[in-house]
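> Structure in structure tokens, see below.
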Amino acid sequence: EDLRMLALADAGELKLEFQEINLADLCGQVVERYRPQADLKRIRLEIVNDDNLPKLRALKGDPIRIEQVLGNLLSNALRHTPEGGLVRLLIGSEAGAARVEVRDSGAGIPEESIGHIFDRFYRADRSRSRFEGGTGLGLAIARKLAEAHGGSLEASNHPEGGAVFTLRLPDNLGAGVR
């Protein structure tokens, strides 16, 4: 199914069901779905809304596909955060786009992996098998879904440590959205 979805996205034939969504509410629902997993590892799972968020309360997107992107990012963050750590989801807006950052307090992404992290079947941790860590397609799919929305998905390391994944989605409802 993952390979089929990537093939459809590559061909520009992935069907998206665009509708008006409240990004803050959607993020909150995804965070709550992952809270039990975080609690098992005693990881603090926080959601922070930027002061600019009221300017971008709603946007057009496929809520199921955006949930899929956020779920992949949160799942990875929880997998790579040590017990007692922190995963923070920050929601805000910038220059005509909604921005969601998923930051963890893990070891971060090895520098040699940053340029490959979204490649199909790529694993930064070569010791992991697909039975322990999925198919190696999750981040490739997440990026394709972001791009299908006219947005982007980027990865970096935070200066204080840990990985940061930044999802940007266009404000396609226009200025003054409430």
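For the structure tokens, the naming scheme is as follows: chains receive sequential letters (A, B, ...) according to their order of presentation, residues are indexed from 1 within each chain, and ligands are indexed from 1 in presentation order.
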Find the residues around stretch 25-33 of chain A up to 12 Å (only C-alpha atoms counted), leave out those fewer than 4 positions away in its own chain, and share them as a PyMOL selection string.
chain A and resi 20-21+37-39+44-49+53+57-59+61-75+77-78+87-92+98-102+167
> Return as a VMD selection string the full set of residues in stretch 23-67 of chain A whose backbone-based DSSP assignment is strand (DSSP E or B).
chain A and resid 44 to 49 58 to 61
> Give me a file of those residues, with N, CA and C atoms, as a PDB file, in the first residue's frame.

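Full text of part24.pdb as output:
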ATOM      1  N   ARG A  44       7.219  13.346  27.824  1.00  0.00           N
ATOM      2  CA  ARG A  44       6.284  14.468  27.830  1.00  0.00           C
ATOM      3  C   ARG A  44       5.949  14.807  26.390  1.00  0.00           C
ATOM      4  N   LEU A  45       4.674  14.850  26.095  1.00  0.00           N
ATOM      5  CA  LEU A  45       4.190  15.170  24.753  1.00  0.00           C
ATOM      6  C   LEU A  45       3.410  16.468  24.876  1.00  0.00           C
ATOM      7  N   GLU A  46       3.953  17.549  24.282  1.00  0.00           N
ATOM      8  CA  GLU A  46       3.358  18.869  24.415  1.00  0.00           C
ATOM      9  C   GLU A  46       2.926  19.404  23.057  1.00  0.00           C
ATOM     10  N   ILE A  47       1.907  20.241  23.081  1.00  0.00           N
ATOM     11  CA  ILE A  47       1.483  20.960  21.896  1.00  0.00           C
ATOM     12  C   ILE A  47       1.488  22.439  22.267  1.00  0.00           C
ATOM     13  N   VAL A  48       2.108  23.251  21.424  1.00  0.00           N
ATOM     14  CA  VAL A  48       2.246  24.683  21.679  1.00  0.00           C
ATOM     15  C   VAL A  48       1.715  25.431  20.471  1.00  0.00           C
ATOM     16  N   ASN A  49       0.785  26.360  20.722  1.00  0.00           N
ATOM     17  CA  ASN A  49       0.229  27.196  19.660  1.00  0.00           C
ATOM     18  C   ASN A  49       0.927  28.542  19.666  1.00  0.00           C
ATOM     19  N   ALA A  58      -7.857  28.236   9.926  1.00  0.00           N
ATOM     20  CA  ALA A  58      -8.346  27.215   9.009  1.00  0.00           C
ATOM     21  C   ALA A  58      -7.576  27.290   7.700  1.00  0.00           C
ATOM     22  N   LEU A  59      -7.493  26.168   7.033  1.00  0.00           N
ATOM     23  CA  LEU A  59      -6.903  26.106   5.703  1.00  0.00           C
ATOM     24  C   LEU A  59      -7.554  24.962   4.960  1.00  0.00           C
ATOM     25  N   LYS A  60      -7.288  24.884   3.685  1.00  0.00           N
ATOM     26  CA  LYS A  60      -7.848  23.784   2.901  1.00  0.00           C
ATOM     27  C   LYS A  60      -6.816  22.668   2.815  1.00  0.00           C
ATOM     28  N   GLY A  61      -7.279  21.466   3.084  1.00  0.00           N
ATOM     29  CA  GLY A  61      -6.400  20.314   3.009  1.00  0.00           C
ATOM     30  C   GLY A  61      -7.206  19.045   3.181  1.00  0.00           C
TER      31      GLY A  61
END
> Residues of stretch 36-165 of chain A in alpha helix (DSSP H) according to DSSP, as a ChimeraX atom specification?
/A:36-40,63-79,130-133,138-148
> Using Å and a single decimal, report how far atom CA of A:Val164 sits from atom CA of A:Ser93.
16.4 Å
> Find the spatial neighbours of A:Glu160, counting only C-alpha atoms, within a cut-off of 12 Å - ignore same-chain residues fewer than 6 positions away - and output them as an MDAnalysis selection string.
chainID A and resid 103:108
